[in-house]
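Peer 1: One structure follows; several queries about it will come next.
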Amino acid sequence: MDWMLVPAAILAFLLVTLYLGLRAAKGRQRSVSEHVVAGRGMPLLLVFFIAVGEIYSSLSFLGQPGWAYAYGVPILYATMNGTMVSMVSYWLGPHIWRLGKSGNYFTQAHFLGETYQSPLLRQVASVVALVALIPYISVQIMGAGYVFKVTTEGRIPYWLGSLIAFAVVAIYVSKGGLRSISWVAVFKGIFMLTVGGTAVILVIGKHYGSLTELFRQVAAESPQHLTLPGNQEFMTHTFWMSSILIGMFGFYMWPHLFQNFFGARDEKTIKVQAAMIPVYNVIGWMFIMVGFAGILKVSNVETDAVMIEMVMRTVPQWLVAFFCAGALSASMVTASAATLVSAATLANDLCQPRLNLTDEQLRKLIQWLVIVVMTAAYLFAILQSSTIAFVMLMAYGFVSQFFPLVIAAIYWPGRLSGRTAVTGLAIGAAVAAFFTVGPIQRPGGFHPGLIGLAANVVTLFVLARFQPKR
Amino acid sequence: MLTMPDPRAAEKRLFFVAGVLVVLFAAGPGALWFNQPEPFILGLPPFLFFSLTVFVAVPVLLLAALLRKI
């Protein structure tokens, strides 16, 4: 009955998560502001852990080592980006927080719609957020089902594992909103740092003795893993460069990351958490090292399974159980924030302008929509895995198009009309989509999102010259 | 009414430019200069060493900005 240890640890972990999530919601004021942005009163600890909780999804813990194993150094762009975007958080976060507080905004679409005085932009931004976030939640659900399936050797099927994990998420997000998510994120962040860090050190230590020895062997056997374009010529220098740039512009434009700024207690909290993020990111870099360790030790496994495979070969089973629980929690925290934001934008930006609900009614609608969004994402994950990959491919290019609109809202308020903003957004997204899936290769090997962004900015400048003064 | 220019504007601009330079270095020349499997730097292949530079540069920059109340 050895196989039961891992699911038992995971179920225990889920119960702790549910307890924390529900406890955080107790005794709080029942309002939309409390539910969606934690009453704009989150202290440093919660803001920091929710930020790193959202950055480090199961994709980071399982997918990035998999990329290192398959392609080598190109994946380092992800951790470098994850570190450098904290400068964007430091720079833009306080501005977004200030505008959010003065206008009582709850979502990114709300922010854009009100600062441009454009109901159309609010609706378009809300739809873009939903299109980007629901597949993103589905990917996290798939990650959870995958963890259950791999660790129980198929005894708990994919559909059941993901259903159990995300039923827990739906309950605490619906009940406690952002505050519940943040306390679960604290638990996950500390748990993953200790368990994940220990597992990584043990893997490298047992198989190679040191990082230097690991790379000495990789340099001798497979030097193409240590330079661009990477193994199988995966990433040209141009694509590296444009991936870094689009990451800088697009990262905080993901609606769930953007909305976090609204929840902070004050501007200083945002600045301090931004300065702390790079320190936590070292754990992401260490996880990637396990992918490199797998190059000479593991063959014939799926790339995403290399992390779990190396851990299972190295550490005692109880630690494997905790590690898997941590990987599961990573997908749960990311998905919970994305689910709350999806439900909030659906209710607040698409329904509320038509229904004019009271605060209490709107909060209840958001709570119900959490269940609806989670169910939709679950069905999407079970039925349409190829569509998810396709939509995710385009999602980054789409959300990046918000960047110039946010900059203009902060630094040039009133200079662009809502119609101009919507046109720039639409042209940028269309260009990015065309070079992602269209018949023509992207010019110069640049990232499609960056090409879209260039088209977006040019459109905004040209239209701004000809629009009537506001 | 006369408005005084922000006395910290130059300092803010300096930090902003430093941040942009970190990003441009990571995106451009850094990835070219360190793009070789050997010789190792501080026990790491050059590209791996390069990837760690931002883990030093960014916190130092942000900490300095925090201390200067930028």
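Residue numbering restarts at 1 in every chain; chains get A, B, ... in the order shown in the structure tokens, and ligands count up from 1 in that same order.
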Hey, what's within 8 Å of stretch 401-412 of chain A if we count only C-alpha atoms and toss same-chain stuff fewer than 4 positions away? As a ChimeraX atom specification, please?
Peer 2: /A:95-96,112,115-116,249-250,253,397,416,421,425,428-429,449,452-453,456-457
Peer 1: Neighbouring residues of A:Ile308 were defined as those with any atom within 10 Å, considering only C-alpha atoms; residues of the same chain fewer than 4 positions away were excluded. Please report them as a list of chain:residue names.
Peer 2: A:Phe61, A:Leu62, A:Pro65, A:Gly66, A:Val147, A:Val150, A:Thr151, A:Val290, A:Asp304, A:Met312, A:Arg313, A:Thr314, A:Val320, A:Phe323, A:Cys324, A:Ala327
Peer 1: Produce a file of the selected residues containing C-alpha atoms, as a CSV table (one decimal), in the first residue's frame.
Peer 2:
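Below is the file that was written, out.csv:
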chain,number,residue,atom,x,y,z
A,61,PHE,CA,7.8,23.9,-11.1
A,62,LEU,CA,7.2,21.1,-13.7
A,65,PRO,CA,12.8,22.0,-15.6
A,66,GLY,CA,11.2,20.1,-18.5
A,147,VAL,CA,0.2,15.2,-10.4
A,150,VAL,CA,1.6,10.2,-12.1
A,151,THR,CA,2.0,9.8,-8.4
A,290,VAL,CA,17.1,19.7,-11.9
A,304,ASP,CA,7.1,17.8,-18.0
A,312,MET,CA,11.2,10.1,-7.1
A,313,ARG,CA,14.6,8.6,-8.0
A,314,THR,CA,16.4,10.5,-5.3
A,320,VAL,CA,8.1,12.8,-2.7
A,323,PHE,CA,6.9,17.6,-3.1
A,324,CYS,CA,3.8,16.5,-5.1
A,327,ALA,CA,3.4,21.1,-6.9
Peer 1: Please return, as a PyMOL selection string, all residues of chain B lying within 9 Å of chain A when only C-alpha atoms are considered.
Peer 2: chain B and resi 16+19+22-24+26-28+31-32+34-38+40+42-48+51-56+58-63+66
Peer 1: With N, CA and C atoms retained, could you export that selection as a CSV table (one decimal), in the first residue's frame?
Peer 2:
chain,number,residue,atom,x,y,z
B,16,PHE,N,15.5,55.0,-13.3
B,16,PHE,CA,14.7,54.4,-14.5
B,16,PHE,C,15.7,54.0,-15.6
B,19,GLY,N,17.5,50.8,-14.6
B,19,GLY,CA,16.6,49.6,-14.8
B,19,GLY,C,16.5,49.2,-16.3
B,22,VAL,N,19.6,47.4,-17.4
B,22,VAL,CA,19.7,46.0,-16.9
B,22,VAL,C,18.9,45.2,-17.9
B,23,VAL,N,17.7,45.6,-18.3
B,23,VAL,CA,16.9,44.8,-19.2
B,23,VAL,C,17.6,44.7,-20.6
B,24,LEU,N,18.1,45.8,-21.1
B,24,LEU,CA,18.7,45.8,-22.4
B,24,LEU,C,19.9,44.9,-22.4
B,26,ALA,N,20.4,42.3,-20.5
B,26,ALA,CA,20.0,40.9,-20.4
B,26,ALA,C,19.4,40.4,-21.8
B,27,ALA,N,18.7,41.4,-22.5
B,27,ALA,CA,18.1,41.0,-23.7
B,27,ALA,C,19.1,41.0,-24.9
B,28,GLY,N,20.1,41.9,-24.8
B,28,GLY,CA,21.0,42.0,-26.0
B,28,GLY,C,22.4,41.5,-25.8
B,31,ALA,N,23.5,38.3,-23.5
B,31,ALA,CA,23.2,36.9,-24.1
B,31,ALA,C,24.1,36.6,-25.2
B,32,LEU,N,24.8,37.6,-25.8
B,32,LEU,CA,25.8,37.3,-26.9
B,32,LEU,C,27.2,37.0,-26.3
B,34,PHE,N,28.1,36.0,-23.3
B,34,PHE,CA,28.2,34.8,-22.4
B,34,PHE,C,27.7,33.5,-23.1
B,35,ASN,N,27.5,33.6,-24.4
B,35,ASN,CA,26.9,32.5,-25.1
B,35,ASN,C,28.0,31.5,-25.6
B,36,GLN,N,28.6,30.8,-24.6
B,36,GLN,CA,29.6,29.8,-24.9
B,36,GLN,C,29.6,28.8,-23.7
B,37,PRO,N,29.9,27.5,-24.0
B,37,PRO,CA,29.8,26.5,-23.0
B,37,PRO,C,30.9,26.6,-21.9
B,38,GLU,N,32.1,27.1,-22.3
B,38,GLU,CA,33.2,27.2,-21.4
B,38,GLU,C,34.1,28.5,-21.8
B,40,PHE,N,34.3,28.1,-17.5
B,40,PHE,CA,33.4,28.3,-16.4
B,40,PHE,C,33.8,29.6,-15.7
B,42,LEU,N,33.2,31.2,-11.9
B,42,LEU,CA,32.8,30.9,-10.6
B,42,LEU,C,32.1,29.5,-10.5
B,43,GLY,N,32.6,28.6,-11.3
B,43,GLY,CA,32.1,27.2,-11.2
B,43,GLY,C,30.8,26.9,-12.1
B,44,LEU,N,30.4,28.0,-12.9
B,44,LEU,CA,29.2,27.8,-13.7
B,44,LEU,C,29.6,28.1,-15.2
B,45,PRO,N,28.9,27.4,-16.1
B,45,PRO,CA,29.0,27.8,-17.5
B,45,PRO,C,28.7,29.3,-17.7
B,46,PRO,N,29.3,30.0,-18.7
B,46,PRO,CA,29.1,31.4,-18.8
B,46,PRO,C,27.6,31.8,-18.8
B,47,PHE,N,26.8,31.1,-19.6
B,47,PHE,CA,25.4,31.5,-19.7
B,47,PHE,C,24.6,31.4,-18.4
B,48,LEU,N,25.0,30.3,-17.6
B,48,LEU,CA,24.3,30.2,-16.3
B,48,LEU,C,24.8,31.3,-15.4
B,51,SER,N,22.9,34.3,-16.3
B,51,SER,CA,21.5,34.3,-15.8
B,51,SER,C,21.4,34.8,-14.4
B,52,LEU,N,22.4,34.6,-13.6
B,52,LEU,CA,22.4,35.0,-12.2
B,52,LEU,C,22.7,36.5,-12.0
B,53,THR,N,23.2,37.2,-13.0
B,53,THR,CA,23.5,38.6,-12.8
B,53,THR,C,22.3,39.4,-12.5
B,54,VAL,N,21.2,39.1,-13.1
B,54,VAL,CA,20.0,39.9,-12.7
B,54,VAL,C,19.5,39.7,-11.3
B,55,PHE,N,19.8,38.5,-10.7
B,55,PHE,CA,19.4,38.3,-9.3
B,55,PHE,C,20.2,39.2,-8.4
B,56,VAL,N,21.3,39.7,-8.9
B,56,VAL,CA,22.1,40.7,-8.0
B,56,VAL,C,21.7,42.1,-8.4
B,58,VAL,N,19.1,43.5,-10.0
B,58,VAL,CA,17.7,44.0,-9.7
B,58,VAL,C,17.5,44.3,-8.2
B,59,PRO,N,17.8,43.3,-7.3
B,59,PRO,CA,17.5,43.7,-5.9
B,59,PRO,C,18.4,44.9,-5.4
B,60,VAL,N,19.6,44.9,-5.9
B,60,VAL,CA,20.5,46.1,-5.5
B,60,VAL,C,19.8,47.4,-5.9
B,61,LEU,N,19.4,47.4,-7.2
B,61,LEU,CA,18.8,48.6,-7.7
B,61,LEU,C,17.5,49.0,-6.9
B,62,LEU,N,16.7,48.0,-6.7
B,62,LEU,CA,15.4,48.3,-6.0
B,62,LEU,C,15.6,48.6,-4.5
B,63,LEU,N,16.6,48.0,-3.9
B,63,LEU,CA,16.9,48.3,-2.5
B,63,LEU,C,17.4,49.8,-2.4
B,66,LEU,N,14.5,52.0,-2.8
B,66,LEU,CA,13.7,52.1,-1.6
B,66,LEU,C,14.4,53.0,-0.5
Peer 1: Show which residues sit within 9 Å of A:Ile171, as a CSV table (one decimal) with N, CA and C atoms, in the first residue's frame. Count only C-alpha atoms, and ignore same-chain residues fewer than 5 positions away.
Peer 2:
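Resulting contents of around.csv:
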chain,number,residue,atom,x,y,z
A,18,LEU,N,-8.0,24.0,2.6
A,18,LEU,CA,-9.4,24.4,2.7
A,18,LEU,C,-9.7,25.1,4.1
A,21,GLY,N,-8.2,28.6,3.9
A,21,GLY,CA,-9.0,29.5,3.1
A,21,GLY,C,-10.3,29.9,3.7
A,22,LEU,N,-11.0,28.9,4.4
A,22,LEU,CA,-12.2,29.3,5.0
A,22,LEU,C,-12.0,30.1,6.3
A,166,PHE,N,-9.8,21.1,-7.5
A,166,PHE,CA,-10.4,22.3,-7.9
A,166,PHE,C,-11.8,22.5,-7.3
A,176,GLY,N,-14.2,33.1,0.5
A,176,GLY,CA,-13.4,34.2,1.1
A,176,GLY,C,-12.7,35.1,0.1
A,370,VAL,N,-17.8,32.4,-9.5
A,370,VAL,CA,-16.6,31.6,-9.2
A,370,VAL,C,-16.8,30.2,-9.6
A,371,ILE,N,-18.0,29.7,-9.1
A,371,ILE,CA,-18.3,28.3,-9.4
A,371,ILE,C,-18.5,28.0,-10.9
Peer 1: What is the atom CA of A:Leu160-atom CA of A:Phe148 distance in Å, reported with one decimal?
Peer 2: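 Atom-to-atom, atom CA of A:Leu160 and atom CA of A:Phe148 are spaced 8.6 Å apart.
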